[in-house]
Number of protein chains: 2
Amino acid sequence: MSVTAAKGFTAAGIAAGIKENGNPDLALVVNNGPRRAAAGVFTSNRVKAAPVLWSEQVLKSGQVSAVVLNSGGANACTGPKGFQDTHATAEKAAEVLGRGAIEIAVCSTGLIGVLLPMDKLLPGVETAAAQLSEHGGEKAAIAIKTTDTVHKTSVVTQDGWTVGGMAKGAGMLAPGLATMLVVLTTDAALDSDVLDKALRAATRTTFDRVDSDGCMSTNDTVLLLASGASEVTPEYEEFAEAVRTVCDDLGQQLIRDAEGASKDIKVEVINAASEDDAVEVGRSIARNNLLKCAIHGEDPNWGRVLSAIGTTKAAFEPDQLNVAINGVWVCKNGGVGEDREKVDMRYREVHIVADLAAGSETATIWTNDLTADYVHENSAYSS
Amino acid sequence: MSVTAAKGFTAAGIAAGIKENGNPDLALVVNNGPRRAAAGVFTSNRVKAAPVLWSEQVLKSGQVSAVVLNSGGANACTGPKGFQDTHATAEKAAEVLGRGAIEIAVCSTGLIGVLLPMDKLLPGVETAAAQLSEHGGEKAAIAIKTTDTVHKTSVVTQDGWTVGGMAKGAGMLAPGLATMLVVLTTDAALDSDVLDKALRAATRTTFDRVDSDGCMSTNDTVLLLASGASEVTPEYEEFAEAVRTVCDDLGQQLIRDAEGASKDIKVEVINAASEDDAVEVGRSIARNNLLKCAIHGEDPNWGRVLSAIGTTKAAFEPDQLNVAINGVWVCKNGGVGEDREKVDMRYREVHIVADLAAGSETATIWTNDLTADYVHENSAYSS
């Protein structure tokens, strides 16, 4: 049910002709109110796409009426013309929806450095607006796919209110955030500051800890729109937990569909002196190409885990490190532990635990293995 | 001529049986004096192999009589027993050479987390000592290979004195340093403090800027031994330049032989506000898996260069960035530049220039493309 699971929202997804292969490439999500509160988090990449620069401005008011999303082009590194195109997209949506352009967020995804075909995109906005429906969430989720093999949606329903959402993203997944576009909607009656707090708390431990290939995108956007249509104002903790659950679910779907991946790797760092240490160590392990290759080969190569830990500034003593792979403590006290032959790596999910023996903090980073298919997908054509 | 090009050195390389396939796996390099000055730089990984911990102690005296090197096992993450084994190796070499153990450096390379077969290694030291020769440099270079397809040597001869060396390394190449072992020798008559200064200056801009796969080893060691046998004391600048030239040549050989690589990529960052900025940006570009895949596919995907630059803290304005690939300025002022179709990427060397337009400093980082062969080499067996 995606972004239309919550009351007060309509959506559409169409093929506007932006993608040369004729696949759906334009989505529209509209908040029909009565409230239009919103929050957003964006890529921490300093090279930001035009739609990110625009949507950051839109979100300053804490009000979003609609989101236009396109696949087939990132509109990043496209200069003043690229920004004008994003602006024109918002203006067109504002015109057909009867709203103000400054309440229209825009998201784009696809190849960097190419201008969007506005002669196709702008008529596409009109077409999408004509197809807006309370059942349009699925189509919207499909229209934002790039190299995604499946569309991603998630819904949590509580007592009288709902949080739902859609995501796209398959490669260039890294903290701050992934190459991903996410739109979450809720019919809870909440103000933008509450939405902002819940969204930042949720992304910090979900999307920000999904690191498929260590590459940070220019276009990442996660939006949360609240219609208030349920007329229910949940407790903050309850609402935040629902948002976190949806973000976590969508993040897991991104990992499971990462380009070329054959393994989903859960890197759990325990007994760290601080959460920052745990995250730093987790990311270092998650980004180690040699380890990612070893996991692909179902080789419990814990030496590569230790060499990755050793590159960090985290508090630990090398001779106190312990590493478990799929439950077998293959490294104890920085040296050889249990027999690596005991490690069963036949299944898609691989669980690495790195015990820093330096405190009580923990963090989990998700990544994928590095495969020949990843290389193929990212070398055989521009994306 | 390798490590025996300079006068005063003998070397040997033999098959001691450490490698199961029977290939050469033990090298011995001996400084016959009259001087025994030495300097060394080691991995900055905090998880250090036993031979690194040992050799760091040896180098504190600034005196090295001999180096024992083995392939077939890294002796890293092997606990107190691993350190005892390194110590026993030095003791054995000291015994057969009639020197003190504290003057014997030890280097190991191979799989992490496995104890060395000392019943083969120690007799091997005796065998190698019996085969020491002024022509043994080539055999020593061959015996330290792991996944290297070729052995690497380099020599610079000046007026009456010589700097020569050997290197191994193919994967896990990254700053601080690569998975590499390097032994340089010279017959120049110089003290250890001069050697140290020249070696640190040379490695800072050569081996430390070779970043094949972003992975930092537990065993990296670069040693420089001076016999003084030429009885010539060159000017510092002249000597430093010779050491830099040999390091640069060996570094280039490492890149050209990197695991699975089909392209050697020179990432040159220009007009940076500081050298540190230039190095940070260069490394970020060199470690971007998506870009490395694109280069493999001969795709001049400059958007991935910009997205990598954007993840750094370096001084720059996104709309002032320029990027050239093989001489074509495909990105100008942060946007589309010259026609990417003009970029000829048929050859092995690829030259990326990133112009930060923020100052006048520069740095060059060398890396490789990311290929299915790299994945295969690092997933099909433990290394």
# chains A, B, ... in the order shown; residues from 1 in each chain; ligands from 1
call {"tool": "select_by_dssp", "arguments": {"residues": "stretch 160-214 of chain A", "states": "strand (DSSP E)", "output": "compact mmCIF listing (two decimals) with N, CA, C and O atoms, in the first residue's frame"}}
result
# COMPACT_ATOMS: atom_id res chain seq x y z
N THR A 162 -1.55 5.37 10.75
CA THR A 162 -0.70 4.54 9.90
C THR A 162 0.54 5.32 9.49
O THR A 162 0.49 6.53 9.29
N VAL A 163 1.67 4.59 9.37
CA VAL A 163 2.85 5.13 8.69
C VAL A 163 3.17 4.17 7.56
O VAL A 163 3.27 2.96 7.78
N GLY A 164 3.30 4.69 6.35
CA GLY A 164 3.66 3.85 5.21
C GLY A 164 4.71 4.53 4.39
O GLY A 164 5.01 5.72 4.59
N GLY A 165 5.29 3.80 3.45
CA GLY A 165 6.30 4.45 2.63
C GLY A 165 6.79 3.61 1.49
O GLY A 165 6.44 2.44 1.35
N MET A 166 7.59 4.28 0.64
CA MET A 166 8.22 3.58 -0.48
C MET A 166 9.67 4.03 -0.56
O MET A 166 10.05 5.09 -0.06
N ALA A 167 10.48 3.18 -1.17
CA ALA A 167 11.90 3.48 -1.31
C ALA A 167 12.41 2.95 -2.63
O ALA A 167 11.87 1.99 -3.18
N LYS A 168 13.45 3.61 -3.14
CA LYS A 168 14.22 3.04 -4.24
C LYS A 168 15.69 3.14 -3.87
O LYS A 168 16.09 4.01 -3.12
N LEU A 181 15.76 7.24 -2.67
CA LEU A 181 14.68 8.19 -2.46
C LEU A 181 13.67 7.44 -1.62
O LEU A 181 13.34 6.29 -1.91
N VAL A 182 13.18 8.11 -0.59
CA VAL A 182 12.19 7.50 0.28
C VAL A 182 11.12 8.55 0.57
O VAL A 182 11.45 9.69 0.91
N VAL A 183 9.87 8.15 0.40
CA VAL A 183 8.77 9.01 0.82
C VAL A 183 7.94 8.22 1.82
O VAL A 183 7.48 7.11 1.52
N LEU A 184 7.80 8.78 3.00
CA LEU A 184 6.96 8.19 4.03
C LEU A 184 5.75 9.08 4.22
O LEU A 184 5.86 10.30 4.13
N THR A 185 4.63 8.46 4.49
CA THR A 185 3.42 9.25 4.75
C THR A 185 2.76 8.74 6.02
O THR A 185 2.89 7.57 6.37
N THR A 186 2.07 9.63 6.68
CA THR A 186 1.29 9.22 7.85
C THR A 186 0.04 10.07 7.93
O THR A 186 0.04 11.23 7.50
call {"tool": "interface_residues", "arguments": {"of": "chain B", "to": "chain A", "cutoff": "7 Å", "atoms": "only C-alpha atoms", "output": "number ranges by chain"}}
result
B: 45-47, 77-79, 112-113, 213, 215-218, 288-290, 293-294, 296-297, 299, 301, 303, 306-307, 310-311, 318, 334-336, 370-372, 375, 378-380, 382
call {"tool": "residues_around", "arguments": {"residues": "stretch 271-278 of chain A", "least_positions_apart": "3", "cutoff": "7 Å", "atoms": "only C-alpha atoms", "output": "list in words"}}
result
Val281, Gly282, Ala314, Ala315, Asp355, Leu356, Ala357, Ala358, Gly359, Ser360, Glu361, Thr362 and Ala363 of chain A
call {"tool": "write_last_selection", "arguments": {"atoms": "N, CA, C and O atoms", "output": "short mmCIF file (atom, residue, chain, number, x, y, z; two decimals), in the first residue's frame"}}
result
data_model
loop_
_atom_site.label_atom_id
_atom_site.label_comp_id
_atom_site.auth_asym_id
_atom_site.auth_seq_id
_atom_site.Cartn_x
_atom_site.Cartn_y
_atom_site.Cartn_z
N VAL A 281 33.89 1.51 13.53
CA VAL A 281 34.41 0.17 13.30
C VAL A 281 33.49 -0.61 12.35
O VAL A 281 33.95 -1.27 11.42
N GLY A 282 32.19 -0.49 12.58
CA GLY A 282 31.23 -1.19 11.72
C GLY A 282 31.36 -0.76 10.27
O GLY A 282 31.35 -1.58 9.35
N ALA A 314 39.06 3.84 16.94
CA ALA A 314 38.25 3.39 18.07
C ALA A 314 39.13 2.86 19.20
O ALA A 314 40.24 2.40 18.98
N ALA A 315 38.58 2.91 20.41
CA ALA A 315 39.31 2.37 21.56
C ALA A 315 39.25 0.85 21.53
O ALA A 315 38.17 0.26 21.49
N ASP A 355 33.72 -7.84 18.66
CA ASP A 355 33.71 -7.50 20.09
C ASP A 355 34.98 -6.70 20.39
O ASP A 355 36.08 -7.24 20.33
N LEU A 356 34.81 -5.39 20.70
CA LEU A 356 35.97 -4.55 20.94
C LEU A 356 36.49 -4.64 22.38
O LEU A 356 37.57 -4.12 22.69
N ALA A 357 35.70 -5.23 23.26
CA ALA A 357 36.11 -5.42 24.66
C ALA A 357 36.60 -4.12 25.28
O ALA A 357 37.61 -4.08 25.98
N ALA A 358 35.89 -3.03 24.97
CA ALA A 358 36.35 -1.72 25.43
C ALA A 358 35.24 -0.90 26.08
O ALA A 358 35.45 0.26 26.42
N GLY A 359 34.06 -1.50 26.23
CA GLY A 359 32.95 -0.74 26.80
C GLY A 359 31.65 -1.50 26.65
O GLY A 359 31.67 -2.74 26.62
N SER A 360 30.55 -0.77 26.53
CA SER A 360 29.26 -1.45 26.48
C SER A 360 28.35 -0.93 25.37
O SER A 360 27.18 -1.25 25.31
N GLU A 361 28.91 -0.13 24.46
CA GLU A 361 28.08 0.42 23.38
C GLU A 361 28.08 -0.52 22.18
O GLU A 361 28.99 -1.34 22.00
N THR A 362 27.06 -0.34 21.35
CA THR A 362 26.90 -1.24 20.21
C THR A 362 26.34 -0.49 19.00
O THR A 362 25.72 0.57 19.16
N ALA A 363 26.57 -1.00 17.81
CA ALA A 363 25.96 -0.46 16.60
C ALA A 363 25.97 -1.56 15.54
O ALA A 363 26.87 -2.41 15.52
#
call {"tool": "closest_residue", "arguments": {"among": "B:Ala16, B:Ala141, B:Leu69, B:Gly40", "to": "B:Met118", "atoms": "only C-alpha atoms"}}
result
B:Ala16
call {"tool": "atom_distance", "arguments": {"atom1": "atom CA of B:Ala6", "atom2": "atom CA of B:His135"}}
result
10.7 Å
call {"tool": "residues_around", "arguments": {"residues": "stretch 151-161 of chain A", "least_positions_apart": "4", "cutoff": "10 Å", "atoms": "only C-alpha atoms", "output": "count of residues only"}}
result
53
call {"tool": "select_by_dssp", "arguments": {"residues": "stretch 262-308 of chain A", "states": "helix (DSSP H, G or I)", "output": "PyMOL selection string"}}
result
chain A and resi 275-286+289-296+302-308
call {"tool": "write_last_selection", "arguments": {"atoms": "N, CA and C atoms", "output": "PDB file, in the first residue's frame"}}
result
ATOM      1  N   GLU A 275      29.196   4.811  21.104  1.00  0.00           N
ATOM      2  CA  GLU A 275      28.433   4.448  19.912  1.00  0.00           C
ATOM      3  C   GLU A 275      29.186   4.896  18.664  1.00  0.00           C
ATOM      4  N   ASP A 276      29.844   6.057  18.723  1.00  0.00           N
ATOM      5  CA  ASP A 276      30.631   6.536  17.581  1.00  0.00           C
ATOM      6  C   ASP A 276      31.730   5.542  17.215  1.00  0.00           C
ATOM      7  N   ASP A 277      32.411   5.014  18.215  1.00  0.00           N
ATOM      8  CA  ASP A 277      33.423   3.986  17.960  1.00  0.00           C
ATOM      9  C   ASP A 277      32.800   2.782  17.265  1.00  0.00           C
ATOM     10  N   ALA A 278      31.653   2.364  17.776  1.00  0.00           N
ATOM     11  CA  ALA A 278      30.998   1.175  17.213  1.00  0.00           C
ATOM     12  C   ALA A 278      30.629   1.414  15.753  1.00  0.00           C
ATOM     13  N   VAL A 279      30.118   2.613  15.461  1.00  0.00           N
ATOM     14  CA  VAL A 279      29.741   2.926  14.078  1.00  0.00           C
ATOM     15  C   VAL A 279      30.993   3.004  13.196  1.00  0.00           C
ATOM     16  N   GLU A 280      32.054   3.639  13.691  1.00  0.00           N
ATOM     17  CA  GLU A 280      33.282   3.763  12.886  1.00  0.00           C
ATOM     18  C   GLU A 280      33.850   2.383  12.542  1.00  0.00           C
ATOM     19  N   VAL A 281      33.889   1.513  13.534  1.00  0.00           N
ATOM     20  CA  VAL A 281      34.415   0.166  13.298  1.00  0.00           C
ATOM     21  C   VAL A 281      33.488  -0.605  12.353  1.00  0.00           C
ATOM     22  N   GLY A 282      32.193  -0.487  12.581  1.00  0.00           N
ATOM     23  CA  GLY A 282      31.233  -1.188  11.722  1.00  0.00           C
ATOM     24  C   GLY A 282      31.356  -0.762  10.272  1.00  0.00           C
ATOM     25  N   ARG A 283      31.506   0.544  10.045  1.00  0.00           N
ATOM     26  CA  ARG A 283      31.639   1.027   8.661  1.00  0.00           C
ATOM     27  C   ARG A 283      32.950   0.573   8.045  1.00  0.00           C
ATOM     28  N   SER A 284      34.012   0.575   8.841  1.00  0.00           N
ATOM     29  CA  SER A 284      35.307   0.159   8.308  1.00  0.00           C
ATOM     30  C   SER A 284      35.241  -1.300   7.858  1.00  0.00           C
ATOM     31  N   ILE A 285      34.609  -2.132   8.659  1.00  0.00           N
ATOM     32  CA  ILE A 285      34.451  -3.543   8.283  1.00  0.00           C
ATOM     33  C   ILE A 285      33.561  -3.653   7.045  1.00  0.00           C
ATOM     34  N   ALA A 286      32.460  -2.889   7.055  1.00  0.00           N
ATOM     35  CA  ALA A 286      31.477  -2.991   5.975  1.00  0.00           C
ATOM     36  C   ALA A 286      32.020  -2.502   4.640  1.00  0.00           C
ATOM     37  N   ASN A 289      36.767  -4.093   0.937  1.00  0.00           N
ATOM     38  CA  ASN A 289      36.524  -4.856  -0.289  1.00  0.00           C
ATOM     39  C   ASN A 289      37.027  -6.297  -0.188  1.00  0.00           C
ATOM     40  N   LEU A 290      38.177  -6.470   0.443  1.00  0.00           N
ATOM     41  CA  LEU A 290      38.713  -7.830   0.533  1.00  0.00           C
ATOM     42  C   LEU A 290      37.798  -8.722   1.360  1.00  0.00           C
ATOM     43  N   LEU A 291      37.298  -8.188   2.473  1.00  0.00           N
ATOM     44  CA  LEU A 291      36.374  -8.971   3.289  1.00  0.00           C
ATOM     45  C   LEU A 291      35.100  -9.274   2.514  1.00  0.00           C
ATOM     46  N   LYS A 292      34.591  -8.252   1.788  1.00  0.00           N
ATOM     47  CA  LYS A 292      33.341  -8.426   1.041  1.00  0.00           C
ATOM     48  C   LYS A 292      33.507  -9.499  -0.048  1.00  0.00           C
ATOM     49  N   CYS A 293      34.702  -9.571  -0.621  1.00  0.00           N
ATOM     50  CA  CYS A 293      34.978 -10.642  -1.587  1.00  0.00           C
ATOM     51  C   CYS A 293      35.028 -11.995  -0.884  1.00  0.00           C
ATOM     52  N   ALA A 294      35.672 -12.022   0.271  1.00  0.00           N
ATOM     53  CA  ALA A 294      35.785 -13.285   1.016  1.00  0.00           C
ATOM     54  C   ALA A 294      34.400 -13.821   1.375  1.00  0.00           C
ATOM     55  N   ILE A 295      33.530 -12.924   1.840  1.00  0.00           N
ATOM     56  CA  ILE A 295      32.177 -13.352   2.202  1.00  0.00           C
ATOM     57  C   ILE A 295      31.462 -13.895   0.966  1.00  0.00           C
ATOM     58  N   HIS A 296      31.684 -13.242  -0.167  1.00  0.00           N
ATOM     59  CA  HIS A 296      31.103 -13.744  -1.414  1.00  0.00           C
ATOM     60  C   HIS A 296      31.556 -15.181  -1.660  1.00  0.00           C
ATOM     61  N   TRP A 302      38.431 -14.017   8.973  1.00  0.00           N
ATOM     62  CA  TRP A 302      38.367 -13.044  10.072  1.00  0.00           C
ATOM     63  C   TRP A 302      39.600 -12.137  10.102  1.00  0.00           C
ATOM     64  N   GLY A 303      40.694 -12.550   9.494  1.00  0.00           N
ATOM     65  CA  GLY A 303      41.883 -11.682   9.440  1.00  0.00           C
ATOM     66  C   GLY A 303      41.564 -10.362   8.742  1.00  0.00           C
ATOM     67  N   ARG A 304      40.688 -10.422   7.754  1.00  0.00           N
ATOM     68  CA  ARG A 304      40.301  -9.191   7.057  1.00  0.00           C
ATOM     69  C   ARG A 304      39.414  -8.319   7.937  1.00  0.00           C
ATOM     70  N   VAL A 305      38.681  -8.936   8.851  1.00  0.00           N
ATOM     71  CA  VAL A 305      37.904  -8.149   9.825  1.00  0.00           C
ATOM     72  C   VAL A 305      38.865  -7.401  10.745  1.00  0.00           C
ATOM     73  N   LEU A 306      39.864  -8.106  11.252  1.00  0.00           N
ATOM     74  CA  LEU A 306      40.816  -7.467  12.168  1.00  0.00           C
ATOM     75  C   LEU A 306      41.610  -6.366  11.465  1.00  0.00           C
ATOM     76  N   SER A 307      42.003  -6.613  10.219  1.00  0.00           N
ATOM     77  CA  SER A 307      42.763  -5.577   9.514  1.00  0.00           C
ATOM     78  C   SER A 307      41.891  -4.345   9.278  1.00  0.00           C
ATOM     79  N   ALA A 308      40.598  -4.540   9.116  1.00  0.00           N
ATOM     80  CA  ALA A 308      39.695  -3.385   8.965  1.00  0.00           C
ATOM     81  C   ALA A 308      39.525  -2.648  10.295  1.00  0.00           C
TER      82      ALA A 308
END
call {"tool": "atom_distance", "arguments": {"atom1": "atom CA of B:Glu103", "atom2": "atom CA of B:Val58"}}
result
5.9 Å
call {"tool": "residues_around", "arguments": {"residues": "B:Ala39", "least_positions_apart": "4", "cutoff": "6 Å", "atoms": "only C-alpha atoms", "output": "PDB file with all heavy atoms, in the first residue's frame"}}
result
ATOM      1  N   SER B 192      71.927   6.287  10.036  1.00  0.00           N
ATOM      2  CA  SER B 192      70.526   5.864  10.050  1.00  0.00           C
ATOM      3  C   SER B 192      69.569   7.051  10.078  1.00  0.00           C
ATOM      4  O   SER B 192      68.465   6.967   9.530  1.00  0.00           O
ATOM      5  CB  SER B 192      70.265   4.923  11.225  1.00  0.00           C
ATOM      6  OG  SER B 192      70.528   5.581  12.442  1.00  0.00           O
ATOM      7  N   LEU B 195      69.128   8.084   6.525  1.00  0.00           N
ATOM      8  CA  LEU B 195      68.328   7.063   5.842  1.00  0.00           C
ATOM      9  C   LEU B 195      66.858   7.214   6.205  1.00  0.00           C
ATOM     10  O   LEU B 195      65.967   7.143   5.356  1.00  0.00           O
ATOM     11  CB  LEU B 195      68.804   5.658   6.243  1.00  0.00           C
ATOM     12  CG  LEU B 195      70.252   5.284   5.939  1.00  0.00           C
ATOM     13  CD1 LEU B 195      70.540   3.868   6.446  1.00  0.00           C
ATOM     14  CD2 LEU B 195      70.555   5.385   4.453  1.00  0.00           C
ATOM     15  N   ASP B 196      66.611   7.415   7.482  1.00  0.00           N
ATOM     16  CA  ASP B 196      65.233   7.550   7.965  1.00  0.00           C
ATOM     17  C   ASP B 196      64.528   8.733   7.312  1.00  0.00           C
ATOM     18  O   ASP B 196      63.389   8.631   6.850  1.00  0.00           O
ATOM     19  CB  ASP B 196      65.243   7.715   9.486  1.00  0.00           C
ATOM     20  CG  ASP B 196      63.850   7.647  10.071  1.00  0.00           C
ATOM     21  OD1 ASP B 196      63.270   6.545  10.074  1.00  0.00           O
ATOM     22  OD2 ASP B 196      63.330   8.698  10.494  1.00  0.00           O
ATOM     23  N   LEU B 223      62.012  -1.337   4.295  1.00  0.00           N
ATOM     24  CA  LEU B 223      63.303  -1.211   4.967  1.00  0.00           C
ATOM     25  C   LEU B 223      64.340  -0.640   4.003  1.00  0.00           C
ATOM     26  O   LEU B 223      64.302  -0.921   2.810  1.00  0.00           O
ATOM     27  CB  LEU B 223      63.780  -2.577   5.462  1.00  0.00           C
ATOM     28  CG  LEU B 223      62.860  -3.298   6.452  1.00  0.00           C
ATOM     29  CD1 LEU B 223      63.408  -4.695   6.754  1.00  0.00           C
ATOM     30  CD2 LEU B 223      62.697  -2.491   7.741  1.00  0.00           C
ATOM     31  N   LEU B 224      65.254   0.152   4.546  1.00  0.00           N
ATOM     32  CA  LEU B 224      66.370   0.690   3.763  1.00  0.00           C
ATOM     33  C   LEU B 224      67.655   0.396   4.537  1.00  0.00           C
ATOM     34  O   LEU B 224      67.821   0.837   5.670  1.00  0.00           O
ATOM     35  CB  LEU B 224      66.192   2.204   3.562  1.00  0.00           C
ATOM     36  CG  LEU B 224      67.367   2.971   2.954  1.00  0.00           C
ATOM     37  CD1 LEU B 224      67.780   2.406   1.600  1.00  0.00           C
ATOM     38  CD2 LEU B 224      67.010   4.459   2.829  1.00  0.00           C
TER      39      LEU B 224
END
call {"tool": "atom_distance", "arguments": {"atom1": "atom CA of A:Arg209", "atom2": "atom CA of A:Gly62"}}
result
25.6 Å
